[in-house]
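Participant: This is the content of final_8.cif (mmCIF, C-alpha atoms):
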```
data_target
loop_
_atom_site.label_atom_id
_atom_site.label_comp_id
_atom_site.auth_asym_id
_atom_site.auth_seq_id
_atom_site.Cartn_x
_atom_site.Cartn_y
_atom_site.Cartn_z
CA MET N 286 66.49 -32.42 201.07
CA ILE N 287 69.63 -30.67 199.90
CA ILE N 288 73.10 -32.17 199.53
CA ASN N 289 75.27 -31.47 202.60
CA GLN N 290 72.41 -29.88 204.57
CA ASP N 291 71.07 -31.73 207.60
CA PHE N 292 67.44 -30.67 207.51
CA VAL N 293 64.23 -31.49 205.64
CA THR N 294 61.96 -28.78 204.30
CA HIS N 295 58.36 -28.67 203.15
CA GLY N 296 58.21 -25.66 200.89
CA ASP N 297 60.27 -23.01 202.66
CA THR N 298 59.65 -24.42 206.15
CA VAL N 299 62.18 -26.63 207.94
CA VAL N 300 60.20 -29.59 209.25
CA ASP N 301 62.85 -31.98 210.55
CA GLU N 302 66.56 -32.46 211.21
CA LEU N 303 68.40 -35.26 209.47
CA PRO N 304 70.77 -37.51 211.42
CA LYS N 305 73.16 -37.37 208.43
CA ALA N 306 73.01 -34.93 205.53
CA PRO N 307 72.51 -36.27 202.00
CA MET N 308 75.78 -36.46 200.09
CA LEU N 309 77.27 -37.22 196.72
CA ILE N 310 79.43 -40.34 196.42
CA ASN N 311 80.83 -41.25 193.01
CA GLY N 312 78.35 -38.85 191.44
CA ARG N 313 75.36 -40.54 193.13
CA THR N 314 73.01 -38.90 195.59
CA MET N 315 73.15 -40.85 198.84
CA LEU N 316 70.48 -40.54 201.51
CA PRO N 317 70.29 -41.73 205.14
CA PHE N 318 68.50 -45.07 204.85
CA ARG N 319 66.92 -45.45 208.31
CA TYR N 320 65.61 -41.88 208.35
CA LEU N 321 63.86 -42.27 204.99
CA VAL N 322 62.36 -45.66 205.77
CA GLU N 323 61.14 -44.84 209.27
CA ASN N 324 60.29 -41.12 209.02
CA ILE N 325 59.22 -40.62 205.41
CA LEU N 326 57.93 -44.04 204.34
CA GLY N 327 56.56 -45.30 207.68
CA GLY N 328 58.53 -48.56 207.66
CA ASN N 329 61.02 -50.13 210.02
CA VAL N 330 64.68 -51.12 209.74
CA ILE N 331 66.69 -53.91 211.37
CA TRP N 332 70.50 -53.85 211.30
CA HIS N 333 72.35 -57.20 211.34
CA GLU N 334 75.86 -56.54 212.62
CA ALA N 335 77.18 -60.06 211.96
CA ASP N 336 77.00 -59.75 208.17
CA ARG N 337 76.58 -55.95 207.90
CA SER N 338 73.16 -56.30 206.32
CA ILE N 339 69.86 -54.48 206.62
CA THR N 340 66.30 -55.70 206.49
CA ALA N 341 63.62 -53.07 206.05
CA THR N 342 59.87 -53.43 205.84
CA ILE N 343 57.80 -50.84 204.00
CA ASN N 344 54.09 -51.56 203.67
CA GLU N 345 53.92 -55.08 202.20
CA SER N 346 57.52 -55.12 200.95
CA THR N 347 60.69 -56.48 202.53
CA ILE N 348 64.03 -55.06 201.42
CA LYS N 349 67.30 -56.86 202.12
CA MET N 350 70.74 -55.48 201.34
CA LYS N 351 74.35 -55.63 202.47
CA ILE N 352 76.81 -52.83 202.91
CA ASP N 353 79.24 -52.51 199.96
CA GLU N 354 77.21 -54.88 197.73
CA LEU N 355 75.43 -53.75 194.56
CA SER N 356 72.67 -56.36 194.59
CA TYR N 357 69.67 -56.05 196.89
CA TYR N 358 66.31 -57.76 197.15
CA ILE N 359 62.72 -56.58 197.33
CA ASN N 360 60.44 -59.47 198.28
CA ASP N 361 63.18 -61.91 197.14
CA GLU N 362 63.46 -60.32 193.66
CA GLU N 363 67.01 -59.22 192.91
CA PHE N 364 67.84 -55.68 191.81
CA ILE N 365 71.20 -54.06 191.11
CA LEU N 366 72.32 -50.63 192.30
CA ASP N 367 74.89 -48.53 190.49
CA GLN N 368 76.36 -47.48 193.85
CA ALA N 369 76.50 -49.85 196.82
CA PRO N 370 75.16 -48.82 200.24
CA VAL N 371 77.94 -47.49 202.46
CA ILE N 372 78.39 -46.52 206.08
CA VAL N 373 79.45 -42.93 206.72
CA ASP N 374 79.88 -41.78 210.34
CA ASN N 375 77.85 -44.81 211.53
CA PHE N 376 74.94 -44.05 209.17
CA THR N 377 73.90 -46.27 206.28
CA MET N 378 73.69 -44.21 203.13
CA LEU N 379 71.79 -45.54 200.13
CA PRO N 380 71.48 -44.23 196.56
CA LEU N 381 68.42 -42.11 195.91
CA ARG N 382 67.19 -44.34 193.06
CA ALA N 383 66.88 -47.33 195.40
CA PHE N 384 63.79 -45.66 196.85
CA GLU N 385 61.90 -45.30 193.54
CA SER N 386 59.83 -48.43 194.17
CA PHE N 387 58.46 -47.03 197.43
CA VAL N 388 57.45 -43.47 196.63
CA ASP N 389 55.13 -41.78 194.16
CA GLU N 390 57.82 -39.57 192.67
CA ILE N 391 61.43 -38.50 193.17
CA PHE N 392 62.91 -35.42 191.57
CA TRP N 393 66.56 -34.39 191.45
CA TYR N 394 67.30 -30.73 190.82
CA HIS N 395 70.93 -30.64 189.73
CA GLU N 396 71.55 -26.89 189.97
CA ALA N 397 70.18 -26.69 193.53
CA LYS N 398 71.55 -30.14 194.49
CA MET N 399 68.12 -30.85 195.91
CA VAL N 400 66.03 -34.01 196.21
CA VAL N 401 62.25 -33.81 196.32
CA ILE N 402 60.41 -36.96 197.40
CA PHE N 403 56.66 -37.49 197.22
CA PRO N 404 55.90 -40.51 199.47
#
```
Could you render the structure from this file as structure tokens?
Facilitator:
Amino acid sequence: MIINQDFVTHGDTVVDELPKAPMLINGRTMLPFRYLVENILGGNVIWHEADRSITATINESTIKMKIDELSYYINDEEFILDQAPVIVDNFTMLPLRAFESFVDEIFWYHEAKMVVIFP
């Protein structure tokens, strides 16, 4: 994935469209949360409008977080983000590093503004 581009590639081949392009917010790479959980990691996401929170399940893990809050929970263990999840154009955007626990590897290529994720 590349910042401000709404597609996913595998090598040089476009394999999917993103509902919202990755973006930089406060110097942090932000990715569309639901797309990554459901399409890349094979999990599911539930949005709770009343308190603007999200519950996601990936494999055996449950992730709980609230919009605009730095703390989030994986299986009831608290973690702290350096950039809170935000809503942009009705899409929840989450910092790239929040996904490190759920993938084999994540690489950020600064010059190309590109994220490579190995699920």
Participant: Measuring atom to atom with all atoms listed in the file, identify which of N:Asp374, N:Ala383, N:His395, N:Glu302 is nearest to Tyr358 (chain N).
Facilitator: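 Using all atoms listed in the file, Tyr358 (chain N) sits closest to N:Ala383.
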Participant: Using only C-alpha atoms, find the one residue out of N:Ile402, N:Ala306, N:Met378, N:Ala341 that sits nearest to Ile325 (chain N).
Facilitator: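 Nearest to Ile325 (chain N): N:Ile402.
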Participant: Which residues, named as in the file, does the PyMOL selection byres ((chain N and resi 310) around 12) pick out? Answer as a list in words.
Facilitator: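 Here the PyMOL selection byres ((chain N and resi 310) around 12) matches Ile288, Asn289, Pro307, Met308, Leu309, Asn311, Gly312, Arg313, Thr314, Met315, Leu316, Asp367, Gln368, Ala369, Pro370, Val371, Ile372, Val373, Met378, Leu379, Pro380 and Leu381 of chain N.
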Participant: Of the candidates N:Phe318, N:Pro404, N:Glu334, N:Pro304, which shows the shortest atom-to-atom distance to Phe392 (chain N), using only C-alpha atoms?
Facilitator: N:Pro404
Participant: Grab the CA of Trp332 (chain N) to CA of Asp291 (chain N) distance for me, in Å with one decimal place.
Facilitator: 22.4 Å
Participant: Which distance in Å separates CA of His295 (chain N) and CA of Glu323 (chain N), to one decimal?
Facilitator: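 So the answer is 17.5 Å.
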Participant: If you apply the PyMOL selection byres ((chain N and resi 346) around 12) to this file, what residues do you get, as a PyMOL selection string?
Facilitator: chain N and resi 322+326-329+340-345+347-349+358-362+386-387
Participant: When you draw a straight line from CA of Ile287 (chain N) to CA of Ile352 (chain N), how long is it in Å?
Facilitator: 23.5 Å
Participant: Can you list what the PyMOL selection byres ((chain N and resi 391) around 9) grabs from this structure, as a count of residues only?
Facilitator: 14
Participant: Within 9 Å of Leu303 (chain N), counting all atoms listed in the file, which residues qualify if same-chain residues fewer than 6 places away don't, as an MDAnalysis selection string?
Facilitator: chainID N and resid 290:293 317 320
Participant: For Ile365 (chain N), list every protein, DNA or RNA residue within 8 Å, evaluated using only C-alpha atoms, and leave out those in the same chain fewer than 4 positions away; present the list as a ChimeraX atom specification.
Facilitator: /N:355-357
Participant: Have region 386-404 of chain N completed to N, CA, C and O atoms, please, and pass it along as a CSV table (one decimal), in the frame of the given file.
Facilitator:
```
chain,number,residue,atom,x,y,z
N,386,SER,N,60.9,-47.5,194.1
N,386,SER,CA,59.8,-48.4,194.2
N,386,SER,C,58.9,-48.1,195.3
N,386,SER,O,57.8,-48.7,195.3
N,387,PHE,N,59.2,-47.2,196.2
N,387,PHE,CA,58.5,-47.0,197.4
N,387,PHE,C,57.8,-45.7,197.6
N,387,PHE,O,57.2,-45.4,198.6
N,388,VAL,N,58.0,-44.8,196.6
N,388,VAL,CA,57.4,-43.5,196.6
N,388,VAL,C,56.7,-43.2,195.3
N,388,VAL,O,56.9,-43.9,194.3
N,389,ASP,N,55.8,-42.2,195.4
N,389,ASP,CA,55.1,-41.8,194.2
N,389,ASP,C,56.1,-41.2,193.1
N,389,ASP,O,56.0,-41.5,192.0
N,390,GLU,N,56.9,-40.2,193.6
N,390,GLU,CA,57.8,-39.6,192.7
N,390,GLU,C,59.1,-39.1,193.4
N,390,GLU,O,59.0,-38.8,194.6
N,391,ILE,N,60.2,-39.1,192.7
N,391,ILE,CA,61.4,-38.5,193.2
N,391,ILE,C,61.9,-37.6,192.1
N,391,ILE,O,62.0,-37.9,190.9
N,392,PHE,N,62.3,-36.4,192.5
N,392,PHE,CA,62.9,-35.4,191.6
N,392,PHE,C,64.3,-35.0,192.1
N,392,PHE,O,64.5,-34.8,193.3
N,393,TRP,N,65.2,-34.9,191.1
N,393,TRP,CA,66.6,-34.4,191.4
N,393,TRP,C,66.8,-33.1,190.7
N,393,TRP,O,66.6,-33.1,189.5
N,394,TYR,N,67.0,-32.0,191.4
N,394,TYR,CA,67.3,-30.7,190.8
N,394,TYR,C,68.8,-30.5,190.9
N,394,TYR,O,69.3,-30.1,192.0
N,395,HIS,N,69.5,-30.7,189.8
N,395,HIS,CA,70.9,-30.6,189.7
N,395,HIS,C,71.5,-29.3,190.2
N,395,HIS,O,72.4,-29.3,191.0
N,396,GLU,N,71.0,-28.2,189.6
N,396,GLU,CA,71.6,-26.9,190.0
N,396,GLU,C,71.5,-26.6,191.5
N,396,GLU,O,72.4,-26.1,192.1
N,397,ALA,N,70.4,-26.9,192.1
N,397,ALA,CA,70.2,-26.7,193.5
N,397,ALA,C,70.7,-27.8,194.4
N,397,ALA,O,70.8,-27.7,195.6
N,398,LYS,N,71.1,-28.9,193.8
N,398,LYS,CA,71.6,-30.1,194.5
N,398,LYS,C,70.5,-30.5,195.5
N,398,LYS,O,70.8,-30.8,196.7
N,399,MET,N,69.3,-30.6,195.0
N,399,MET,CA,68.1,-30.8,195.9
N,399,MET,C,67.3,-32.1,195.5
N,399,MET,O,67.1,-32.3,194.3
N,400,VAL,N,66.9,-32.8,196.4
N,400,VAL,CA,66.0,-34.0,196.2
N,400,VAL,C,64.6,-33.7,196.7
N,400,VAL,O,64.5,-33.2,197.8
N,401,VAL,N,63.6,-34.0,195.9
N,401,VAL,CA,62.2,-33.8,196.3
N,401,VAL,C,61.6,-35.2,196.2
N,401,VAL,O,61.6,-35.8,195.2
N,402,ILE,N,61.0,-35.6,197.3
N,402,ILE,CA,60.4,-37.0,197.4
N,402,ILE,C,58.9,-36.8,197.7
N,402,ILE,O,58.6,-36.1,198.7
N,403,PHE,N,58.1,-37.5,196.9
N,403,PHE,CA,56.7,-37.5,197.2
N,403,PHE,C,56.3,-38.9,197.6
N,403,PHE,O,56.3,-39.8,196.8
N,404,PRO,N,56.1,-39.1,199.0
N,404,PRO,CA,55.9,-40.5,199.5
N,404,PRO,C,54.6,-41.1,198.9
N,404,PRO,O,53.7,-40.5,198.5
```
